[in-house]
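**Q** Next comes the structure file entry_15.csv, holding CSV, C-alpha atoms.
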```
chain,number,residue,atom,x,y,z
A,39,THR,CA,53.6,-66.6,19.6
A,40,THR,CA,55.3,-65.9,16.2
A,41,ASN,CA,56.4,-62.4,17.3
A,42,ALA,CA,57.8,-63.7,20.5
A,43,LEU,CA,59.9,-66.3,18.6
A,44,LEU,CA,61.1,-63.5,16.3
A,45,ASP,CA,62.1,-61.4,19.2
A,46,LYS,CA,64.1,-64.3,20.7
A,47,LEU,CA,65.8,-64.9,17.4
A,48,ASN,CA,66.7,-61.3,16.9
A,49,LEU,CA,68.1,-61.1,20.5
A,50,ALA,CA,70.2,-64.1,19.9
A,51,LYS,CA,71.6,-62.7,16.7
A,52,LYS,CA,72.3,-59.3,18.4
A,53,LYS,CA,74.3,-61.0,21.1
A,54,LEU,CA,76.3,-63.0,18.5
A,55,HIS,CA,77.0,-59.9,16.5
A,56,GLU,CA,78.1,-58.0,19.6
A,57,LYS,CA,80.5,-60.8,20.3
A,58,GLU,CA,81.9,-61.5,16.8
A,59,GLY,CA,81.0,-58.5,14.8
A,60,TYR,CA,79.3,-58.4,11.3
A,61,ILE,CA,81.1,-60.7,8.9
A,62,PRO,CA,79.6,-60.7,5.3
A,63,VAL,CA,79.2,-63.9,3.3
A,64,GLU,CA,82.2,-64.1,1.0
A,65,GLY,CA,81.5,-62.6,-2.4
A,66,VAL,CA,78.1,-61.1,-1.5
A,67,ASP,CA,79.4,-57.5,-1.2
A,68,ALA,CA,80.9,-57.7,-4.7
A,69,LEU,CA,77.6,-59.2,-6.0
A,70,ILE,CA,75.5,-56.4,-4.6
A,71,LYS,CA,77.8,-53.8,-6.2
A,72,ARG,CA,77.8,-55.6,-9.6
A,73,LEU,CA,74.0,-55.8,-9.7
A,74,TYR,CA,73.5,-52.2,-8.5
A,75,LYS,CA,75.9,-51.0,-11.2
A,76,ASP,CA,73.9,-52.9,-13.8
A,77,GLY,CA,70.7,-51.1,-12.7
A,78,VAL,CA,69.1,-54.0,-10.9
A,79,GLN,CA,66.6,-53.0,-8.2
A,80,LEU,CA,67.6,-54.4,-4.8
A,81,ALA,CA,65.7,-54.9,-1.6
A,82,ILE,CA,66.3,-56.9,1.6
A,83,ALA,CA,63.3,-58.9,3.0
A,84,SER,CA,64.5,-60.4,6.3
A,85,SER,CA,63.1,-62.1,9.4
A,86,SER,CA,65.3,-59.7,11.4
A,87,SER,CA,63.9,-56.6,13.1
A,88,PRO,CA,64.0,-53.2,11.3
A,89,LYS,CA,66.6,-52.0,13.7
A,90,GLU,CA,68.8,-55.1,13.2
A,91,ILE,CA,68.5,-54.8,9.4
A,92,GLU,CA,69.4,-51.1,9.5
A,93,THR,CA,72.4,-51.8,11.8
A,94,VAL,CA,73.8,-54.6,9.5
A,95,VAL,CA,73.6,-52.6,6.2
A,96,LYS,CA,75.2,-49.6,7.9
A,97,LYS,CA,78.0,-51.7,9.5
A,98,LEU,CA,78.7,-53.4,6.2
A,99,GLY,CA,78.5,-50.1,4.2
A,100,ILE,CA,75.9,-51.4,1.8
A,101,LYS,CA,72.7,-49.5,2.7
A,102,LYS,CA,72.9,-47.2,-0.3
A,103,TYR,CA,72.6,-50.1,-2.7
A,104,PHE,CA,69.1,-51.1,-1.5
A,105,GLU,CA,65.9,-49.3,-2.4
A,106,LYS,CA,63.9,-51.0,0.4
A,107,LEU,CA,64.6,-52.7,3.7
A,108,VAL,CA,61.7,-54.9,4.7
A,109,SER,CA,61.3,-56.8,8.0
A,110,ALA,CA,59.0,-59.7,8.8
A,111,SER,CA,57.9,-57.8,11.9
A,112,SER,CA,55.8,-55.7,9.5
A,113,VAL,CA,53.6,-58.6,8.3
A,114,ALA,CA,51.2,-61.0,10.0
A,115,ASN,CA,53.1,-64.2,9.0
A,116,PRO,CA,56.9,-64.6,8.6
A,117,LYS,CA,58.6,-67.1,6.3
A,118,PRO,CA,57.7,-69.7,5.1
A,119,SER,CA,54.7,-67.5,4.5
A,120,PRO,CA,55.2,-65.3,1.4
A,121,ASP,CA,54.0,-62.2,3.3
A,122,THR,CA,57.5,-60.6,3.8
A,123,PHE,CA,58.4,-61.0,0.1
A,124,LEU,CA,55.0,-59.8,-1.1
A,125,LEU,CA,55.4,-56.6,1.0
A,126,ALA,CA,58.9,-56.1,-0.5
A,127,LEU,CA,57.5,-56.5,-4.0
A,128,GLU,CA,54.7,-54.0,-3.2
A,129,LYS,CA,57.2,-51.4,-1.8
A,130,LEU,CA,59.5,-51.9,-4.9
A,131,GLY,CA,56.6,-51.7,-7.3
A,132,ALA,CA,57.9,-54.9,-8.8
A,133,ALA,CA,56.0,-57.8,-10.3
A,134,PRO,CA,56.7,-61.4,-9.2
A,135,GLU,CA,57.4,-62.5,-12.7
A,136,ASN,CA,60.2,-59.9,-13.0
A,137,THR,CA,61.8,-60.7,-9.7
A,138,VAL,CA,64.4,-63.2,-8.4
A,139,ILE,CA,65.1,-63.9,-4.7
A,140,ILE,CA,68.3,-65.3,-3.3
A,141,GLU,CA,67.8,-67.4,-0.2
A,142,ASP,CA,69.9,-69.7,2.0
A,143,SER,CA,67.2,-71.2,4.2
A,144,THR,CA,64.5,-73.8,3.8
A,145,PHE,CA,61.8,-71.4,5.0
A,146,GLY,CA,63.1,-68.6,2.7
A,147,VAL,CA,63.0,-70.8,-0.4
A,148,LYS,CA,59.5,-72.0,0.5
A,149,ALA,CA,58.4,-68.3,1.0
A,150,ALA,CA,59.8,-67.3,-2.4
A,151,LYS,CA,58.0,-70.1,-4.2
A,152,ALA,CA,54.8,-69.4,-2.3
A,153,ALA,CA,55.1,-65.8,-3.6
A,154,ASN,CA,55.5,-67.2,-7.2
A,155,VAL,CA,59.0,-65.7,-7.5
A,156,ALA,CA,62.0,-67.3,-9.0
A,157,CYS,CA,64.6,-68.3,-6.4
A,158,ILE,CA,68.3,-68.9,-6.3
A,159,GLY,CA,69.3,-71.2,-3.4
A,160,PHE,CA,72.6,-70.3,-1.9
A,161,ILE,CA,74.3,-73.3,-0.1
A,162,ASN,CA,75.6,-71.3,2.8
A,163,PRO,CA,78.1,-73.3,4.9
A,164,ASN,CA,77.1,-71.1,7.9
A,165,SER,CA,73.4,-71.8,7.7
A,166,GLY,CA,73.4,-75.5,8.7
A,167,ASN,CA,71.6,-78.3,6.9
A,168,GLN,CA,69.0,-76.4,4.9
A,169,ASN,CA,66.7,-78.0,2.3
A,170,LEU,CA,66.9,-75.8,-0.8
A,171,ASN,CA,65.6,-78.3,-3.3
A,172,ASP,CA,62.6,-76.1,-4.2
A,173,ALA,CA,64.9,-73.4,-5.6
A,174,ASP,CA,65.1,-72.9,-9.3
A,175,VAL,CA,68.9,-73.1,-9.2
A,176,LEU,CA,71.5,-73.8,-6.5
A,177,ILE,CA,74.8,-72.0,-6.2
A,178,GLU,CA,77.8,-72.6,-3.8
A,179,SER,CA,79.4,-69.2,-4.2
A,180,PHE,CA,78.6,-65.8,-5.6
A,181,ASP,CA,81.6,-65.8,-7.9
A,182,GLY,CA,80.5,-65.2,-11.5
A,183,ILE,CA,76.9,-64.4,-10.5
A,184,ASP,CA,75.8,-61.3,-12.4
A,185,LYS,CA,72.8,-59.7,-14.1
A,186,THR,CA,72.9,-62.2,-16.9
A,187,PHE,CA,72.8,-65.1,-14.5
A,188,ILE,CA,69.9,-63.5,-12.7
A,189,GLU,CA,68.0,-63.0,-15.9
A,190,ASN,CA,68.7,-66.5,-17.0
A,191,THR,CA,67.4,-67.9,-13.7
A,192,LEU,CA,64.2,-65.9,-14.3
A,193,LEU,CA,63.8,-67.3,-17.8
A,194,ARG,CA,64.5,-70.8,-16.6
A,195,SER,CA,61.9,-70.5,-13.9
A,196,GLN,CA,59.3,-69.5,-16.6
A,197,GLY,CA,60.3,-72.3,-18.9
A,198,LYS,CA,61.6,-69.8,-21.5
A,199,PRO,CA,64.7,-70.6,-23.6
A,200,LEU,CA,68.0,-68.9,-22.8
A,201,THR,CA,70.1,-67.1,-25.4
A,202,ILE,CA,73.6,-68.5,-25.3
A,203,ALA,CA,75.6,-66.4,-27.8
A,204,SER,CA,75.3,-63.9,-30.6
A,205,THR,CA,77.7,-63.7,-33.6
A,206,LYS,CA,77.9,-61.6,-36.7
A,207,ARG,CA,75.3,-63.6,-38.6
A,208,LEU,CA,73.8,-65.9,-36.0
A,209,PHE,CA,72.3,-66.2,-32.6
A,210,ILE,CA,72.3,-69.4,-30.5
A,211,ARG,CA,69.7,-70.2,-27.9
A,212,GLU,CA,68.1,-73.1,-26.1
A,213,LEU,CA,65.5,-75.0,-28.2
A,214,ALA,CA,61.9,-74.8,-27.3
A,215,VAL,CA,59.3,-77.4,-28.0
A,216,SER,CA,57.8,-75.1,-30.6
A,217,ASP,CA,61.1,-75.2,-32.5
A,218,ILE,CA,60.9,-79.0,-33.2
A,219,PRO,CA,58.6,-78.8,-36.2
A,220,ASP,CA,61.2,-76.4,-37.8
A,221,ILE,CA,64.3,-78.6,-37.0
A,222,TYR,CA,62.7,-81.9,-37.9
A,223,PRO,CA,63.0,-81.3,-41.7
A,224,ILE,CA,66.7,-80.6,-41.2
A,225,TYR,CA,67.0,-83.9,-39.3
A,226,SER,CA,65.2,-85.7,-42.1
A,227,ASP,CA,67.4,-84.4,-44.9
A,228,PRO,CA,69.4,-87.5,-46.2
A,229,GLN,CA,72.6,-85.5,-46.6
A,230,VAL,CA,72.3,-84.4,-42.9
A,231,LYS,CA,70.9,-87.6,-41.5
A,232,LYS,CA,73.9,-89.5,-42.8
A,233,TYR,CA,76.0,-88.2,-39.9
A,234,ILE,CA,73.3,-88.2,-37.1
A,235,ASP,CA,72.8,-91.0,-34.7
A,236,ASN,CA,69.5,-92.1,-33.2
A,237,ILE,CA,67.1,-89.8,-35.1
A,238,ASP,CA,63.5,-90.9,-34.8
A,239,ASP,CA,61.3,-91.2,-37.9
A,240,TYR,CA,58.3,-89.7,-36.2
A,241,LEU,CA,57.9,-86.0,-35.4
A,242,GLU,CA,55.7,-86.8,-32.4
A,243,LEU,CA,58.4,-89.0,-30.8
A,244,GLU,CA,61.0,-86.3,-31.4
A,245,MET,CA,58.8,-83.7,-29.8
A,246,GLU,CA,58.3,-85.8,-26.7
A,247,LYS,CA,62.0,-86.4,-26.5
A,248,GLN,CA,62.7,-82.6,-26.8
A,249,LYS,CA,60.2,-81.8,-24.0
A,250,ALA,CA,62.1,-84.1,-21.7
A,251,TYR,CA,65.4,-82.7,-22.9
A,252,ILE,CA,64.3,-79.1,-22.2
A,253,GLN,CA,63.0,-79.9,-18.8
A,254,ASN,CA,66.0,-81.9,-17.7
A,255,VAL,CA,69.2,-81.4,-19.6
A,256,TYR,CA,69.5,-77.6,-20.0
A,257,SER,CA,68.8,-76.9,-16.4
A,258,PHE,CA,70.8,-79.8,-14.9
A,259,TYR,CA,74.0,-79.5,-16.9
A,260,GLY,CA,73.8,-75.8,-17.9
A,261,PHE,CA,74.5,-76.9,-21.5
A,262,GLY,CA,73.1,-79.1,-24.3
A,263,LEU,CA,72.3,-79.0,-28.0
A,264,TRP,CA,71.1,-75.5,-28.8
A,265,GLY,CA,69.3,-74.0,-31.7
A,266,VAL,CA,71.2,-72.0,-34.3
A,267,PHE,CA,69.2,-69.1,-35.9
A,268,GLY,CA,69.9,-66.7,-38.7
A,269,LYS,CA,70.0,-63.1,-37.4
A,270,THR,CA,68.4,-61.6,-40.5
A,271,SER,CA,65.8,-64.4,-41.2
A,272,LYS,CA,65.2,-65.3,-37.5
A,273,LYS,CA,64.8,-68.8,-38.8
A,274,LEU,CA,66.2,-72.0,-37.3
A,275,ILE,CA,69.0,-73.3,-39.5
A,276,GLY,CA,70.4,-76.0,-37.3
A,277,ARG,CA,71.7,-76.9,-33.9
A,278,CYS,CA,75.0,-76.7,-32.1
A,279,GLY,CA,76.1,-77.4,-28.6
A,280,LEU,CA,77.7,-79.7,-26.0
A,281,GLU,CA,76.9,-83.2,-24.8
A,282,ASN,CA,78.1,-85.5,-22.1
A,283,GLU,CA,79.3,-88.7,-23.7
A,284,THR,CA,81.4,-91.7,-22.8
A,285,ILE,CA,83.9,-92.2,-25.5
A,286,ASP,CA,86.4,-95.0,-25.5
A,287,GLY,CA,85.7,-95.6,-21.8
A,288,THR,CA,86.3,-91.9,-20.9
A,289,ASN,CA,83.7,-89.3,-19.9
A,290,GLU,CA,84.0,-86.4,-22.3
A,291,ILE,CA,82.2,-83.1,-23.2
A,292,MET,CA,81.5,-83.4,-26.9
A,293,LEU,CA,81.0,-80.6,-29.4
A,294,SER,CA,78.2,-81.4,-31.8
A,295,TYR,CA,76.5,-79.5,-34.7
A,296,LEU,CA,74.4,-79.9,-37.7
A,297,LEU,CA,73.1,-77.3,-40.2
A,298,ASP,CA,70.5,-77.1,-43.0
A,299,ASN,CA,72.5,-78.1,-46.1
A,300,GLN,CA,71.5,-74.7,-47.7
A,301,HIS,CA,73.9,-73.2,-45.2
A,302,TRP,CA,76.9,-75.5,-45.9
A,303,GLY,CA,80.0,-74.0,-47.3
A,304,TYR,CA,79.6,-70.4,-46.0
A,305,GLY,CA,81.4,-70.7,-42.7
A,306,TYR,CA,78.3,-70.9,-40.5
A,307,ALA,CA,79.5,-74.1,-38.9
A,308,LEU,CA,82.8,-72.5,-37.9
A,309,GLU,CA,81.0,-69.4,-36.7
A,310,CYS,CA,78.5,-71.2,-34.4
A,311,CYS,CA,81.2,-73.7,-33.1
A,312,GLU,CA,83.6,-70.8,-32.3
A,313,ALA,CA,80.8,-69.2,-30.2
A,314,VAL,CA,80.0,-72.4,-28.4
A,315,LEU,CA,83.7,-73.0,-27.5
A,316,LYS,CA,84.0,-69.4,-26.3
A,317,TYR,CA,80.9,-70.0,-24.1
A,318,ALA,CA,82.3,-73.3,-22.8
A,319,LYS,CA,85.5,-71.6,-21.8
A,320,GLU,CA,84.2,-68.3,-20.4
A,321,GLN,CA,80.8,-69.3,-18.9
A,322,LEU,CA,81.1,-73.0,-18.2
A,323,GLU,CA,84.8,-72.9,-17.4
A,324,LEU,CA,85.3,-76.2,-19.2
A,325,LYS,CA,88.9,-77.3,-19.9
A,326,ARG,CA,88.6,-79.9,-22.7
A,327,ILE,CA,86.2,-80.4,-25.5
A,328,VAL,CA,86.2,-83.3,-28.0
A,329,ALA,CA,84.5,-84.1,-31.3
A,330,VAL,CA,83.9,-87.4,-33.0
A,331,ILE,CA,83.8,-87.3,-36.8
A,332,ASP,CA,83.1,-89.8,-39.4
A,333,PHE,CA,86.1,-90.7,-41.6
A,334,ASP,CA,84.4,-89.4,-44.8
A,335,ASN,CA,83.0,-86.2,-43.2
A,336,ILE,CA,85.6,-83.9,-44.8
A,337,ARG,CA,83.7,-80.7,-44.1
A,338,SER,CA,83.6,-81.4,-40.3
A,339,ILE,CA,87.2,-82.5,-40.2
A,340,LYS,CA,88.2,-79.1,-41.8
A,341,THR,CA,85.9,-77.2,-39.4
A,342,ALA,CA,87.5,-79.0,-36.4
A,343,GLU,CA,91.0,-78.2,-37.6
A,344,LYS,CA,90.0,-74.5,-38.1
A,345,LEU,CA,88.7,-74.4,-34.6
A,346,GLY,CA,92.2,-75.5,-33.4
A,347,MET,CA,91.1,-79.1,-32.6
A,348,LYS,CA,93.8,-81.8,-33.0
A,349,TYR,CA,93.4,-85.3,-34.2
A,350,GLU,CA,93.9,-87.6,-31.2
A,351,LYS,CA,93.0,-91.2,-32.2
A,352,ASP,CA,90.3,-93.3,-33.9
A,353,VAL,CA,87.5,-94.6,-31.7
A,354,VAL,CA,84.3,-96.6,-31.9
A,355,PHE,CA,81.4,-94.4,-31.1
A,356,ASN,CA,77.7,-95.5,-31.5
A,357,ASN,CA,79.0,-98.6,-33.2
A,358,ARG,CA,80.8,-96.7,-35.9
A,359,ASN,CA,84.5,-96.1,-36.4
A,360,ARG,CA,85.3,-92.4,-36.1
A,361,HIS,CA,88.1,-89.9,-35.6
A,362,LEU,CA,88.4,-88.3,-32.2
A,363,TYR,CA,89.5,-84.6,-32.2
A,364,SER,CA,90.2,-82.6,-29.1
A,365,ILE,CA,91.0,-79.1,-27.9
A,366,TYR,CA,92.1,-77.7,-24.5
A,367,LEU,CA,90.5,-74.3,-23.7
```
Give the structure from this file in structure tokens form.

**A**
Amino acid sequence: TTNALLDKLNLAKKKLHEKEGYIPVEGVDALIKRLYKDGVQLAIASSSSPKEIETVVKKLGIKKYFEKLVSASSVANPKPSPDTFLLALEKLGAAPENTVIIEDSTFGVKAAKAANVACIGFINPNSGNQNLNDADVLIESFDGIDKTFIENTLLRSQGKPLTIASTKRLFIRELAVSDIPDIYPIYSDPQVKKYIDNIDDYLELEMEKQKAYIQNVYSFYGFGLWGVFGKTSKKLIGRCGLENETIDGTNEIMLSYLLDNQHWGYGYALECCEAVLKYAKEQLELKRIVAVIDFDNIRSIKTAEKLGMKYEKDVVFNNRNRHLYSIYL
């Protein structure tokens, strides 16, 4: 029976712990403390017995950080059934749409998704060959994981755009399909279009491209071309972000931006690009960023220089001769 299997599993773990002690996964202790400090409700929902869970959290000195300790022995069906997680949600008084689960097992991820809860899959070297592909995001360590990362995972699982940065006059966030009708007139402006490659003439085509872009690029790379919005007006005034490109035979991360021409000459390009470079350095830990600029695009050349980018060489990019600027973060 299921209970008999759980009993065998818990007995095996007990013997292992008696022999080797309780060794926490590297970084998880610090993560628990960070989230607790930031006011995140925490619970454990485990296949272990109540006694085993209690023993582990006491031995590791982390019991005080968890509001609830939930064992699969309290439900009819263990993971991959969602019952254990649903019971934990009930005890916490938390809604699935406001919850994120961290799991390192195939059954755990399946249980999380069956409960309609966002899931972070932790690739735990101590857990064997687990299939975590159903998780919303995969991580290899807990370094840098914080409340913002958790919140972004939640937004990503719900298909909502993530906010990237906030400046004095602007905020930068991922584009949504609903933004495309607003950005299309900017694309269509002859003064702007002069420096943009591969812009479609039809709004419907651009919207279909953007749907695919949102579904694939943002979540896969963790970056892309983001929307730039005025803080006061809340209106979309352009885009700015990072792209993977092959330039002169080398794979590069390229800084790219465009703004509504009504916002030219007021320092908005410098402001949004500075925020993107800061995000690239601090959040993405990128080391090198480049920009390709048309020879006659004097405004962009001046912006690149103000950003601290240096002229490197001339290149052919998208069948046009351009300057290559670069910066090391």

**Q** Would you pick out the contacts of segment 203-208 of chain A at 6 Å or less, using only C-alpha atoms, so that residues sharing its chain but fewer than 6 positions from it are not included, and give the list as a count of residues only?

**A** 3

**Q** Looking at A:Ala214, A:Ile365, A:Ala83, A:Ile100, which one is nearest to Tyr349 of chain A, with distances taken over all atoms listed in the file?

**A**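 Distance minimum relative to Tyr349 of chain A lands on A:Ile365.
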
**Q** Got a sec: who's within 6 Å of segment 292-303 of chain A, counting all atoms listed in the file, leaving out chain neighbours fewer than 2 positions off, as a PyMOL selection string?

**A** chain A and resi 224+275-281+305+327-329

**Q** So how far away is atom CA of Ile285 of chain A from atom CA of Lys351 of chain A, in Å?

**A**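 Going from atom CA of Lys351 of chain A over to atom CA of Ile285 of chain A, I get 11.3 Å.
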
**Q** Using all atoms listed in the file, give me every residue within 12 Å of (57.3, -58.0, -6.3) in file coordinates, as an MDAnalysis selection string.

**A** chainID A and resid 79:81 83 106 120:139 150 153:156

**Q** What is the distance, in Å and to one decimal place, between atom CA of Val94 of chain A and atom CA of Ile70 of chain A?

**A**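 Atom CA of Ile70 of chain A lies 14.3 Å from atom CA of Val94 of chain A.
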
**Q** Name the closest residue to Glu212 of chain A among the candidates A:Ser338, A:Gln168, A:Ser257, A:Asn162; distances are taken between atoms, counting all atoms listed in the file.

**A**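 Of A:Ser338, A:Gln168, A:Ser257, A:Asn162, the one nearest Glu212 of chain A is A:Ser257, counting all atoms listed in the file.
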
**Q** State, in Å with one decimal place, the distance from atom CA of Ile183 of chain A to atom CA of Tyr259 of chain A.

**A**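 Between these atoms lies a distance of 16.7 Å.
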
**Q** Which residues come within 12 Å of Asn171 of chain A, counting only C-alpha atoms, excluding same-chain residues fewer than 5 positions away, as a PyMOL selection string?

**A** chain A and resi 141-148+151+157-161+176-177

**Q** Just the residues within 8 Å of segment 323-326 of chain A, please, counting all atoms listed in the file, with nothing from its chain fewer than 6 positions along; format it as a PyMOL selection string.

**A** chain A and resi 290-291+364-367

**Q** Write the residues you've just listed into a file as a PDB file, in the coordinates of the input, and include C-alpha atoms for each of them.

**A**
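Contents of out-v1.pdb, freshly written:
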```
ATOM      1  CA  GLU A 290      84.000 -86.400 -22.300  1.00  0.00           C
ATOM      2  CA  ILE A 291      82.200 -83.100 -23.200  1.00  0.00           C
ATOM      3  CA  SER A 364      90.200 -82.600 -29.100  1.00  0.00           C
ATOM      4  CA  ILE A 365      91.000 -79.100 -27.900  1.00  0.00           C
ATOM      5  CA  TYR A 366      92.100 -77.700 -24.500  1.00  0.00           C
ATOM      6  CA  LEU A 367      90.500 -74.300 -23.700  1.00  0.00           C
TER       7      LEU A 367
END
```

**Q** Complete the atoms of segment 199-213 of chain A to N, CA and C atoms and put them out as a short mmCIF file (atom, residue, chain, number, x, y, z; two decimals), keeping the file's coordinate frame.

**A**
```
data_model
loop_
_atom_site.label_atom_id
_atom_site.label_comp_id
_atom_site.auth_asym_id
_atom_site.auth_seq_id
_atom_site.Cartn_x
_atom_site.Cartn_y
_atom_site.Cartn_z
N PRO A 199 63.35 -70.23 -23.20
CA PRO A 199 64.70 -70.60 -23.60
C PRO A 199 65.72 -69.47 -23.37
N LEU A 200 66.94 -69.86 -23.01
CA LEU A 200 68.00 -68.90 -22.80
C LEU A 200 68.80 -68.66 -24.04
N THR A 201 69.20 -67.41 -24.27
CA THR A 201 70.10 -67.10 -25.40
C THR A 201 71.53 -67.37 -24.91
N ILE A 202 72.28 -68.12 -25.70
CA ILE A 202 73.60 -68.50 -25.30
C ILE A 202 74.69 -67.62 -25.91
N ALA A 203 74.53 -67.25 -27.17
CA ALA A 203 75.60 -66.40 -27.80
C ALA A 203 74.97 -65.71 -29.03
N SER A 204 75.66 -64.64 -29.40
CA SER A 204 75.30 -63.90 -30.60
C SER A 204 76.56 -63.63 -31.40
N THR A 205 76.51 -63.93 -32.70
CA THR A 205 77.70 -63.70 -33.60
C THR A 205 77.28 -62.73 -34.67
N LYS A 206 78.14 -62.55 -35.64
CA LYS A 206 77.90 -61.60 -36.70
C LYS A 206 76.62 -61.94 -37.49
N ARG A 207 76.43 -63.23 -37.77
CA ARG A 207 75.30 -63.60 -38.60
C ARG A 207 74.28 -64.52 -37.89
N LEU A 208 74.60 -64.95 -36.67
CA LEU A 208 73.80 -65.90 -36.00
C LEU A 208 73.48 -65.58 -34.56
N PHE A 209 72.43 -66.18 -34.01
CA PHE A 209 72.30 -66.20 -32.60
C PHE A 209 71.98 -67.66 -32.16
N ILE A 210 72.45 -68.04 -30.99
CA ILE A 210 72.30 -69.40 -30.50
C ILE A 210 71.53 -69.37 -29.21
N ARG A 211 70.47 -70.15 -29.13
CA ARG A 211 69.70 -70.20 -27.90
C ARG A 211 69.18 -71.62 -27.66
N GLU A 212 68.70 -71.85 -26.45
CA GLU A 212 68.10 -73.10 -26.10
C GLU A 212 66.91 -73.38 -27.04
N LEU A 213 66.70 -74.62 -27.37
CA LEU A 213 65.50 -75.00 -28.20
C LEU A 213 64.29 -75.02 -27.31
#
```
